[in-house]
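With TSV, C-alpha atoms inside, this is data_28.tsv:
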chain	number	residue	atom	x	y	z
E	1	MET	CA	129.59	197.28	18.03
E	2	PRO	CA	129.52	195.69	21.49
E	3	LYS	CA	128.55	192.08	21.94
E	4	VAL	CA	126.07	191.82	24.79
E	5	LEU	CA	124.84	188.74	26.63
E	6	VAL	CA	121.24	189.14	27.82
E	7	THR	CA	120.11	186.37	30.13
E	8	GLY	CA	116.38	185.85	30.54
E	9	ALA	CA	116.03	186.96	26.91
E	10	ALA	CA	112.57	185.38	26.55
E	11	GLY	CA	111.32	187.12	29.69
E	12	PHE	CA	109.20	190.25	29.90
E	13	ILE	CA	112.05	192.69	30.52
E	14	GLY	CA	114.75	190.64	28.79
E	15	ALA	CA	112.98	190.53	25.43
E	16	GLU	CA	112.42	194.29	25.42
E	17	VAL	CA	116.08	194.92	26.33
E	18	CYS	CA	117.16	192.67	23.43
E	19	MET	CA	114.90	194.62	21.06
E	20	ARG	CA	116.36	197.97	22.07
E	21	LEU	CA	119.97	196.75	21.91
E	22	LEU	CA	119.40	195.37	18.42
E	23	GLU	CA	117.69	198.57	17.29
E	24	ARG	CA	120.76	200.57	18.21
E	25	GLY	CA	123.12	198.17	16.43
E	26	ASP	CA	124.56	195.97	19.18
E	27	HIS	CA	125.21	192.26	18.70
E	28	VAL	CA	123.09	190.28	21.16
E	29	ILE	CA	123.29	186.73	22.43
E	30	GLY	CA	120.01	185.96	24.17
E	31	LEU	CA	120.05	183.19	26.76
E	32	ASP	CA	116.99	181.58	28.34
E	33	ASN	CA	116.08	178.14	29.66
E	34	LEU	CA	112.44	178.56	28.54
E	35	ASN	CA	111.17	176.99	31.75
E	36	ASP	CA	107.46	176.40	32.25
E	37	TYR	CA	106.93	178.66	35.28
E	38	TYR	CA	104.43	180.28	32.94
E	39	ASP	CA	103.23	179.73	29.35
E	40	VAL	CA	106.27	178.96	27.18
E	41	SER	CA	104.38	180.03	24.05
E	42	LEU	CA	104.37	183.61	25.35
E	43	LYS	CA	108.14	183.47	25.78
E	44	GLN	CA	108.54	182.09	22.27
E	45	ALA	CA	106.24	184.79	20.88
E	46	ARG	CA	108.38	187.49	22.50
E	47	LEU	CA	111.51	185.98	20.94
E	48	SER	CA	109.91	185.61	17.52
E	49	ARG	CA	109.85	189.39	17.11
E	50	PHE	CA	113.63	189.52	16.66
E	51	ALA	CA	114.77	185.89	16.35
E	52	GLU	CA	115.66	186.39	12.66
E	53	HIS	CA	117.66	189.57	13.26
E	54	GLU	CA	121.14	189.26	11.76
E	55	HIS	CA	122.77	190.44	14.98
E	56	PHE	CA	120.83	188.15	17.32
E	57	ARG	CA	121.43	184.57	18.35
E	58	PHE	CA	119.39	182.59	20.85
E	59	VAL	CA	120.97	180.09	23.21
E	60	LYS	CA	118.76	177.75	25.24
E	61	MET	CA	120.68	177.21	28.44
E	62	ASP	CA	120.19	177.10	32.19
E	63	LEU	CA	122.27	179.53	34.26
E	64	ALA	CA	122.82	176.77	36.82
E	65	ASP	CA	124.68	174.62	34.24
E	66	ARG	CA	128.22	175.54	35.24
E	67	GLU	CA	130.13	173.81	32.44
E	68	ALA	CA	127.83	175.10	29.71
E	69	MET	CA	128.09	178.65	31.05
E	70	GLN	CA	131.89	178.43	31.13
E	71	ARG	CA	131.95	177.28	27.51
E	72	LEU	CA	129.57	180.04	26.44
E	73	PHE	CA	131.60	182.83	28.03
E	74	ALA	CA	134.88	181.45	26.67
E	75	ALA	CA	133.52	181.08	23.14
E	76	GLU	CA	131.65	184.38	22.80
E	77	GLN	CA	133.97	186.93	24.45
E	78	PHE	CA	131.17	189.27	25.50
E	79	ASP	CA	131.80	192.96	26.12
E	80	GLN	CA	128.84	193.45	28.46
E	81	VAL	CA	126.36	191.26	30.33
E	82	VAL	CA	122.77	192.09	31.31
E	83	ASN	CA	121.57	189.43	33.75
E	84	LEU	CA	117.77	189.41	33.81
E	85	ALA	CA	117.28	185.66	34.18
E	86	ALA	CA	115.82	184.70	37.53
E	87	GLN	CA	113.15	182.60	39.07
E	88	ALA	CA	110.61	185.37	39.56
E	89	GLY	CA	107.65	185.87	41.84
E	90	VAL	CA	107.33	186.30	45.59
E	91	ARG	CA	104.39	183.96	46.11
E	92	TYR	CA	105.92	181.08	44.13
E	93	SER	CA	108.97	181.19	46.43
E	94	LEU	CA	106.74	179.93	49.24
E	95	GLU	CA	105.98	176.78	47.24
E	96	ASN	CA	109.25	176.06	45.47
E	97	PRO	CA	112.22	177.58	47.33
E	98	HIS	CA	114.84	175.45	45.59
E	99	ALA	CA	114.01	177.01	42.21
E	100	TYR	CA	115.21	180.34	43.62
E	101	ILE	CA	118.46	178.93	44.94
E	102	ASP	CA	119.24	177.19	41.64
E	103	SER	CA	118.52	180.16	39.38
E	104	ASN	CA	119.10	183.22	41.52
E	105	ILE	CA	122.07	182.05	43.59
E	106	VAL	CA	123.85	179.21	41.74
E	107	GLY	CA	123.01	180.68	38.34
E	108	PHE	CA	124.19	184.15	39.31
E	109	ALA	CA	127.46	182.72	40.67
E	110	ASN	CA	128.06	181.19	37.23
E	111	VAL	CA	127.41	184.56	35.59
E	112	LEU	CA	129.87	186.26	37.94
E	113	GLU	CA	132.53	183.64	37.25
E	114	GLY	CA	132.08	184.07	33.50
E	115	CYS	CA	132.41	187.84	33.86
E	116	ARG	CA	135.55	187.49	35.98
E	117	GLN	CA	137.30	185.04	33.71
E	118	GLN	CA	136.51	186.95	30.51
E	119	HIS	CA	137.13	190.45	31.94
E	120	ILE	CA	133.65	191.76	31.10
E	121	LYS	CA	133.53	195.56	30.87
E	122	HIS	CA	130.23	195.89	32.75
E	123	LEU	CA	127.73	193.57	34.39
E	124	VAL	CA	124.24	194.96	34.90
E	125	TYR	CA	121.89	192.69	36.83
E	126	ALA	CA	118.30	192.72	38.03
E	127	SER	CA	117.66	193.19	41.69
E	128	SER	CA	114.21	194.01	43.04
E	129	SER	CA	112.26	196.45	45.18
E	130	SER	CA	111.40	193.39	47.29
E	131	VAL	CA	114.82	193.68	48.99
E	132	TYR	CA	113.40	196.55	51.07
E	133	GLY	CA	111.31	193.95	52.89
E	134	ALA	CA	110.26	195.14	56.32
E	135	ASN	CA	111.65	198.64	55.71
E	136	GLU	CA	108.83	201.15	56.25
E	137	THR	CA	110.70	204.36	55.39
E	138	ALA	CA	109.14	205.82	52.24
E	139	PRO	CA	110.18	206.36	49.59
E	140	PHE	CA	112.67	203.49	49.51
E	141	SER	CA	116.20	204.81	49.06
E	142	VAL	CA	119.26	202.89	47.87
E	143	HIS	CA	121.03	204.45	50.85
E	144	ASP	CA	118.71	202.58	53.25
E	145	ASN	CA	119.65	199.37	55.03
E	146	VAL	CA	118.01	196.30	53.43
E	147	ASP	CA	118.81	193.48	55.83
E	148	HIS	CA	115.25	192.31	56.56
E	149	PRO	CA	113.77	190.54	53.51
E	150	VAL	CA	110.33	189.01	54.00
E	151	SER	CA	110.50	186.42	51.18
E	152	LEU	CA	113.12	184.03	49.86
E	153	TYR	CA	112.86	185.78	46.49
E	154	ALA	CA	113.87	189.04	48.15
E	155	ALA	CA	116.67	187.31	50.03
E	156	SER	CA	118.01	185.86	46.78
E	157	LYS	CA	118.08	189.32	45.17
E	158	LYS	CA	119.87	190.84	48.15
E	159	SER	CA	122.32	187.94	47.88
E	160	ASN	CA	123.00	188.89	44.25
E	161	GLU	CA	123.95	192.40	45.33
E	162	LEU	CA	126.34	191.03	47.96
E	163	MET	CA	127.87	188.46	45.60
E	164	ALA	CA	128.40	191.12	42.93
E	165	HIS	CA	130.08	193.36	45.46
E	166	ALA	CA	132.54	190.63	46.41
E	167	TYR	CA	133.49	190.16	42.74
E	168	SER	CA	133.76	193.90	42.19
E	169	HIS	CA	136.01	194.21	45.22
E	170	LEU	CA	138.22	191.20	44.48
E	171	TYR	CA	138.47	191.40	40.68
E	172	GLU	CA	137.55	195.03	39.87
E	173	LEU	CA	134.52	193.82	37.91
E	174	PRO	CA	132.25	196.82	37.22
E	175	ALA	CA	128.80	195.70	38.38
E	176	THR	CA	125.54	197.60	38.73
E	177	GLY	CA	122.40	196.25	40.37
E	178	LEU	CA	119.00	197.65	39.41
E	179	ARG	CA	116.13	197.37	41.86
E	180	PHE	CA	113.08	197.15	39.62
E	181	PHE	CA	109.73	198.30	41.00
E	182	THR	CA	106.51	196.63	39.80
E	183	VAL	CA	106.94	196.47	36.01
E	184	TYR	CA	103.94	196.37	33.67
E	185	GLY	CA	103.15	196.83	29.98
E	186	PRO	CA	102.71	194.90	26.72
E	187	TRP	CA	104.17	191.36	26.67
E	188	GLY	CA	104.04	191.24	30.48
E	189	ARG	CA	103.99	188.16	32.68
E	190	PRO	CA	100.71	186.25	33.02
E	191	ASP	CA	101.28	185.69	36.74
E	192	MET	CA	101.33	189.43	37.50
E	193	ALA	CA	98.36	191.61	38.39
E	194	PRO	CA	97.73	193.44	35.07
E	195	MET	CA	97.40	190.21	33.05
E	196	LEU	CA	95.49	188.39	35.82
E	197	PHE	CA	93.06	191.28	36.15
E	198	ALA	CA	92.54	191.80	32.41
E	199	ARG	CA	91.96	188.10	31.75
E	200	ALA	CA	89.48	187.70	34.60
E	201	ILE	CA	87.55	190.90	33.89
E	202	LEU	CA	87.10	190.06	30.20
E	203	ALA	CA	86.03	186.53	31.13
E	204	GLY	CA	83.44	187.87	33.55
E	205	GLU	CA	85.27	186.31	36.50
E	206	PRO	CA	85.99	188.02	39.84
E	207	ILE	CA	89.49	189.36	40.57
E	208	LYS	CA	91.36	188.76	43.81
E	209	VAL	CA	92.24	191.95	45.67
E	210	PHE	CA	94.73	191.30	48.46
E	211	ASN	CA	94.96	193.14	51.78
E	212	HIS	CA	91.40	194.26	51.03
E	213	GLY	CA	92.81	196.70	48.46
E	214	ASP	CA	94.93	198.58	50.99
E	215	MET	CA	98.15	198.32	49.00
E	216	GLN	CA	100.34	200.66	46.98
E	217	ARG	CA	102.80	199.82	44.22
E	218	ASP	CA	105.24	201.94	42.28
E	219	PHE	CA	104.00	200.67	38.91
E	220	THR	CA	106.72	201.28	36.31
E	221	TYR	CA	106.11	201.07	32.58
E	222	ILE	CA	108.31	198.65	30.64
E	223	ASP	CA	109.77	201.28	28.26
E	224	ASP	CA	111.03	203.28	31.25
E	225	ILE	CA	112.67	200.20	32.70
E	226	VAL	CA	114.44	199.41	29.42
E	227	GLU	CA	115.63	202.99	28.97
E	228	GLY	CA	117.10	202.88	32.45
E	229	VAL	CA	118.83	199.55	31.81
E	230	LEU	CA	120.50	200.79	28.61
E	231	ARG	CA	121.62	204.08	30.09
E	232	VAL	CA	123.15	202.30	33.07
E	233	LEU	CA	124.76	199.66	30.84
E	234	ASP	CA	126.55	202.42	28.91
E	235	ARG	CA	128.01	203.86	32.11
E	236	PRO	CA	130.08	201.17	33.87
E	237	ALA	CA	130.09	201.33	37.65
E	238	VAL	CA	133.00	203.19	39.21
E	239	PRO	CA	134.33	203.38	42.76
E	240	ASN	CA	132.94	206.07	45.03
E	241	PRO	CA	135.99	208.08	46.14
E	242	GLU	CA	134.08	209.43	49.14
E	243	TRP	CA	133.01	206.02	50.41
E	244	SER	CA	133.87	205.43	54.06
E	245	GLY	CA	133.97	202.18	55.99
E	246	LYS	CA	133.10	204.16	59.11
E	247	GLN	CA	129.83	205.38	57.58
E	248	PRO	CA	129.30	202.89	54.75
E	249	ASP	CA	126.91	203.90	51.99
E	250	PRO	CA	124.86	200.78	51.03
E	251	ALA	CA	124.52	201.95	47.40
E	252	SER	CA	128.19	202.40	46.47
E	253	SER	CA	131.66	201.22	47.41
E	254	ARG	CA	135.39	201.63	47.08
E	255	ALA	CA	134.91	198.92	44.46
E	256	PRO	CA	133.33	199.60	41.02
E	257	TRP	CA	129.87	198.63	42.29
E	258	ARG	CA	126.59	200.55	42.31
E	259	ILE	CA	122.92	200.04	43.16
E	260	TYR	CA	120.03	202.05	41.69
E	261	ASN	CA	116.26	202.04	42.02
E	262	ILE	CA	114.23	202.09	38.81
E	263	GLY	CA	110.67	203.03	39.65
E	264	ASN	CA	108.08	205.58	38.64
E	265	ALA	CA	108.51	207.41	41.98
E	266	ASN	CA	104.73	207.78	42.11
E	267	PRO	CA	103.06	205.05	44.19
E	268	VAL	CA	99.58	204.08	43.01
E	269	ARG	CA	96.82	202.63	45.19
E	270	LEU	CA	95.92	199.14	44.05
E	271	MET	CA	92.27	200.17	43.70
E	272	ASP	CA	93.29	203.04	41.41
E	273	PHE	CA	95.33	200.65	39.26
E	274	ILE	CA	92.31	198.34	38.99
E	275	GLY	CA	90.24	201.38	38.11
E	276	ALA	CA	92.62	202.28	35.27
E	277	ILE	CA	92.30	198.73	33.87
E	278	GLU	CA	88.50	198.86	34.18
E	279	SER	CA	88.47	202.21	32.38
E	280	ALA	CA	90.71	200.97	29.56
E	281	LEU	CA	88.59	197.82	29.14
E	282	GLY	CA	85.27	199.59	29.58
E	283	VAL	CA	84.21	196.86	32.01
E	284	GLN	CA	83.59	196.93	35.75
E	285	ALA	CA	85.36	194.19	37.73
E	286	GLU	CA	83.76	191.97	40.34
E	287	LYS	CA	86.15	191.95	43.28
E	288	ILE	CA	86.93	189.41	46.00
E	289	PHE	CA	88.70	191.12	48.89
E	290	LEU	CA	91.27	188.91	50.62
E	291	PRO	CA	93.88	189.31	53.38
E	292	MET	CA	97.54	190.06	52.73
E	293	GLN	CA	99.53	187.20	51.22
E	294	PRO	CA	102.61	185.88	53.06
E	295	GLY	CA	105.77	187.52	51.73
E	296	ASP	CA	103.95	190.57	50.34
E	297	VAL	CA	104.55	194.13	51.50
E	298	GLN	CA	101.86	196.77	51.81
E	299	SER	CA	103.58	199.54	49.89
E	300	THR	CA	106.51	200.15	47.56
E	301	SER	CA	107.80	203.58	46.61
E	302	ALA	CA	111.03	204.39	44.79
E	303	ASP	CA	113.48	207.19	45.43
E	304	VAL	CA	115.21	207.41	42.03
E	305	GLN	CA	117.45	210.41	42.69
E	306	ALA	CA	120.64	208.33	42.54
E	307	LEU	CA	119.67	207.01	39.08
E	308	THR	CA	118.79	210.49	37.86
E	309	ASP	CA	122.09	211.89	39.12
E	310	ALA	CA	124.05	209.10	37.46
E	311	VAL	CA	122.44	208.81	34.03
E	312	GLY	CA	120.08	211.78	33.71
E	313	PHE	CA	116.91	209.73	33.50
E	314	ARG	CA	113.83	209.10	35.60
E	315	PRO	CA	110.79	206.99	34.63
E	316	ASP	CA	107.79	209.18	33.83
E	317	THR	CA	105.17	207.27	31.80
E	318	PRO	CA	101.74	208.15	33.30
E	319	LEU	CA	99.75	205.19	34.63
E	320	GLU	CA	96.77	205.81	32.32
E	321	THR	CA	99.04	205.87	29.27
E	322	GLY	CA	100.86	202.69	30.23
E	323	VAL	CA	97.69	200.79	31.15
E	324	GLN	CA	95.99	201.77	27.87
E	325	ARG	CA	99.00	200.53	25.88
E	326	PHE	CA	98.95	197.28	27.83
E	327	ILE	CA	95.22	196.75	27.25
E	328	ASP	CA	95.56	197.57	23.53
E	329	TRP	CA	98.27	194.91	23.28
E	330	TYR	CA	96.29	192.44	25.41
E	331	ARG	CA	93.21	192.70	23.21
E	332	GLY	CA	95.29	192.11	20.08
E	333	TYR	CA	97.41	189.23	21.35
E	334	ASP	CA	96.33	185.66	20.69
E	335	HIS	CA	96.23	184.11	24.15
E	336	GLY	CA	95.61	180.65	22.78
Would you write out, as structure tokens, the structure that this file holds?
Amino acid sequence: MPKVLVTGAAGFIGAEVCMRLLERGDHVIGLDNLNDYYDVSLKQARLSRFAEHEHFRFVKMDLADREAMQRLFAAEQFDQVVNLAAQAGVRYSLENPHAYIDSNIVGFANVLEGCRQQHIKHLVYASSSSVYGANETAPFSVHDNVDHPVSLYAASKKSNELMAHAYSHLYELPATGLRFFTVYGPWGRPDMAPMLFARAILAGEPIKVFNHGDMQRDFTYIDDIVEGVLRVLDRPAVPNPEWSGKQPDPASSRAPWRIYNIGNANPVRLMDFIGAIESALGVQAEKIFLPMQPGDVQSTSADVQALTDAVGFRPDTPLETGVQRFIDWYRGYDHG
């Protein structure tokens, strides 16, 4: 079976991808630096679910450590790489920009070099809906121009797409970027809205509602994200024979390089999302309405037709179902 490197293996999406790869029989090397951007015990708890699996090995390593990354790639001879490690979060990028350069730019360059030198069969990497930035055309299409990011996090993700394209073009490295739209579900990140809302509501504390609630997000359930990642991983990127430099398609290339959106294609008003959490908890939230945060966008909406055409899949978990599963997990998890 294939040997797959999953970076960010202790992260929300990374841990679920590891689980699914192991369930289907792949050998998985999970890499994470276990940084303290949020509670490390949550990361360790995610890993503990499969840490003893006979086909899994955990490596604590920082993507930005060039020599260590070179040694790892040379020693392991991976077949495929799923790069999910990144310094996440738009708002944090306003406070600590260098963390994004180290992880998302320097770290990704080390991943690309490892893939090039070891002739990896397919690199799949996380991009983000945030790359659409100031784009107001809805729904967001991979065929749209994305040259106006409004946060450093978004700029770093757009940079990953460009860097991957250069490697695909120069070295024929098959590389596929996945633009994730707001991901939620069990084992999610404590700095994201579902966990922040659930914790505050159960504690009887008010929740912060930005832009006075006038926001929409394409909330996408974690299982849909993972299904999309695996389907794309199994179909290495190929050149687009119809690609033209006179009318360049931003989502494909003459090189083996592709970009896809993974989103629920069903934008939800923030107030409706809060309502679903209130309903699942059986508690009404006290709300503090605040202005828009710097770096945020008012609305995200995914056009997933390119993904559906390529791998025959589109996310479809209803919001109420996903939120109830998240709340059931949240109530049962020991938050320390």
Could you list, as a PyMOL selection string, every residue within 9 Å of segment 202-216 of chain E, counting only C-alpha atoms and ignoring same-chain residues fewer than 6 positions away? chain E and resi 196+267-271+281+283+285-293+297-301
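Each of E:Phe58, E:Tyr167, E:Phe326, E:Tyr100 was checked against Leu34 of chain E using only C-alpha atoms; the smallest atom-to-atom distance is that of E:Phe58.
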With all atoms listed in the file as the basis for distance, which of E:Pro186, E:Pro174, E:Pro315, E:Gly8 is at the shortest distance from Trp257 of chain E?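 When distances to Trp257 of chain E are compared using all atoms listed in the file, the smallest one comes from E:Pro174.
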Show which residues sit within 6 Å of Met61 of chain E, as a short mmCIF file (atom, residue, chain, number, x, y, z; two decimals) with C-alpha atoms, keeping the file's coordinate frame. Count all atoms listed in the file, and ignore same-chain residues fewer than 2 positions away.
data_model
loop_
_atom_site.label_atom_id
_atom_site.label_comp_id
_atom_site.auth_asym_id
_atom_site.auth_seq_id
_atom_site.Cartn_x
_atom_site.Cartn_y
_atom_site.Cartn_z
CA ASP E 32 116.99 181.58 28.34
CA ASN E 33 116.08 178.14 29.66
CA VAL E 59 120.97 180.09 23.21
#
State, in Å with one decimal place, the distance from atom CA of Lys3 of chain E to atom CA of Asp79 of chain E.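 Atom-to-atom, atom CA of Lys3 of chain E to atom CA of Asp79 of chain E, that is 5.4 Å.
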Would you mind telling me which residue in E:Glu227, E:Glu67, E:Glu136, E:Glu161 lies nearest to Met19 of chain E when using only C-alpha atoms? E:Glu227
For a quick check of understanding, using all atoms listed in the file, which of E:Ala255, E:Val183, E:Leu94, E:Val124 has the smallest distance to Phe219 of chain E?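 Ranking E:Ala255, E:Val183, E:Leu94, E:Val124 by distance to Phe219 of chain E, first place goes to E:Val183.
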Compare E:Phe78, E:Phe181, E:Tyr260, E:Trp329 by their minimum atom-to-atom distance to Asp26 of chain E, counting all atoms listed in the file, and give me the closest one. E:Phe78
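Distance check against Pro149 of chain E using all atoms listed in the file: of E:Gly185, E:Gly322, E:Pro190, E:Gly295, the minimum falls on E:Gly295.
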Any idea what the distance is between atom CA of Val81 of chain E and atom CA of Leu123 of chain E? 4.9 Å
What does the distance from atom CA of Lys60 of chain E to atom CA of Gly30 of chain E come to in Å, to one decimal? 8.4 Å
Leaving out Val226 of chain E and any residue of its chain fewer than 5 positions from it, which residues lie within 9 Å of it when counting all atoms listed in the file, given as a PyMOL selection string? chain E and resi 13-14+16-17+20+231
So which residues touch Phe313 of chain E within 10 Å, counting all atoms listed in the file, skipping near sequence neighbours fewer than 4 positions away, as a list in words? Asp224, Glu227, Gly228, Arg231, Val232, Ile262, Val304, Gln305, Ala306, Leu307, Thr308 and Asp309 of chain E
Print the selection's residues with C-alpha atoms to a file, as a PDB file, in the coordinates of the input.
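Generated file (selection_36.pdb):
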ATOM      1  CA  ASP E 224     111.030 203.280  31.250  1.00  0.00           C
ATOM      2  CA  GLU E 227     115.630 202.990  28.970  1.00  0.00           C
ATOM      3  CA  GLY E 228     117.100 202.880  32.450  1.00  0.00           C
ATOM      4  CA  ARG E 231     121.620 204.080  30.090  1.00  0.00           C
ATOM      5  CA  VAL E 232     123.150 202.300  33.070  1.00  0.00           C
ATOM      6  CA  ILE E 262     114.230 202.090  38.810  1.00  0.00           C
ATOM      7  CA  VAL E 304     115.210 207.410  42.030  1.00  0.00           C
ATOM      8  CA  GLN E 305     117.450 210.410  42.690  1.00  0.00           C
ATOM      9  CA  ALA E 306     120.640 208.330  42.540  1.00  0.00           C
ATOM     10  CA  LEU E 307     119.670 207.010  39.080  1.00  0.00           C
ATOM     11  CA  THR E 308     118.790 210.490  37.860  1.00  0.00           C
ATOM     12  CA  ASP E 309     122.090 211.890  39.120  1.00  0.00           C
TER      13      ASP E 309
END
Give me, as a PyMOL selection string, all polymer residues having an atom no more than 10 Å from Ser93 of chain E, counting only C-alpha atoms and skipping those fewer than 3 positions away in the same chain. chain E and resi 87-90+96-101+151-154+295
Can you patch up segment 155-166 of chain E, filling it in to N, CA and C atoms, and show the result as a PDB file, keeping the file's coordinate frame?
ATOM      1  N   ALA E 155     115.364 187.693  49.484  1.00  0.00           N
ATOM      2  CA  ALA E 155     116.670 187.310  50.030  1.00  0.00           C
ATOM      3  C   ALA E 155     117.638 186.924  48.917  1.00  0.00           C
ATOM      4  N   SER E 156     117.128 186.254  47.888  1.00  0.00           N
ATOM      5  CA  SER E 156     118.010 185.860  46.780  1.00  0.00           C
ATOM      6  C   SER E 156     118.500 187.073  46.006  1.00  0.00           C
ATOM      7  N   LYS E 157     117.678 188.101  45.870  1.00  0.00           N
ATOM      8  CA  LYS E 157     118.080 189.320  45.170  1.00  0.00           C
ATOM      9  C   LYS E 157     119.090 190.122  45.981  1.00  0.00           C
ATOM     10  N   LYS E 158     118.879 190.197  47.279  1.00  0.00           N
ATOM     11  CA  LYS E 158     119.870 190.840  48.150  1.00  0.00           C
ATOM     12  C   LYS E 158     121.196 190.072  48.076  1.00  0.00           C
ATOM     13  N   SER E 159     121.115 188.750  48.012  1.00  0.00           N
ATOM     14  CA  SER E 159     122.320 187.940  47.880  1.00  0.00           C
ATOM     15  C   SER E 159     123.082 188.282  46.594  1.00  0.00           C
ATOM     16  N   ASN E 160     122.348 188.499  45.503  1.00  0.00           N
ATOM     17  CA  ASN E 160     123.000 188.890  44.250  1.00  0.00           C
ATOM     18  C   ASN E 160     123.797 190.159  44.411  1.00  0.00           C
ATOM     19  N   GLU E 161     123.229 191.133  45.120  1.00  0.00           N
ATOM     20  CA  GLU E 161     123.950 192.400  45.330  1.00  0.00           C
ATOM     21  C   GLU E 161     125.232 192.174  46.111  1.00  0.00           C
ATOM     22  N   LEU E 162     125.159 191.318  47.132  1.00  0.00           N
ATOM     23  CA  LEU E 162     126.340 191.030  47.960  1.00  0.00           C
ATOM     24  C   LEU E 162     127.393 190.247  47.170  1.00  0.00           C
ATOM     25  N   MET E 163     126.939 189.263  46.402  1.00  0.00           N
ATOM     26  CA  MET E 163     127.870 188.460  45.600  1.00  0.00           C
ATOM     27  C   MET E 163     128.576 189.339  44.566  1.00  0.00           C
ATOM     28  N   ALA E 164     127.807 190.217  43.914  1.00  0.00           N
ATOM     29  CA  ALA E 164     128.400 191.120  42.930  1.00  0.00           C
ATOM     30  C   ALA E 164     129.424 192.038  43.579  1.00  0.00           C
ATOM     31  N   HIS E 165     129.118 192.485  44.789  1.00  0.00           N
ATOM     32  CA  HIS E 165     130.080 193.360  45.460  1.00  0.00           C
ATOM     33  C   HIS E 165     131.398 192.639  45.728  1.00  0.00           C
ATOM     34  N   ALA E 166     131.315 191.394  46.155  1.00  0.00           N
ATOM     35  CA  ALA E 166     132.540 190.630  46.410  1.00  0.00           C
ATOM     36  C   ALA E 166     133.392 190.534  45.149  1.00  0.00           C
TER      37      ALA E 166
END
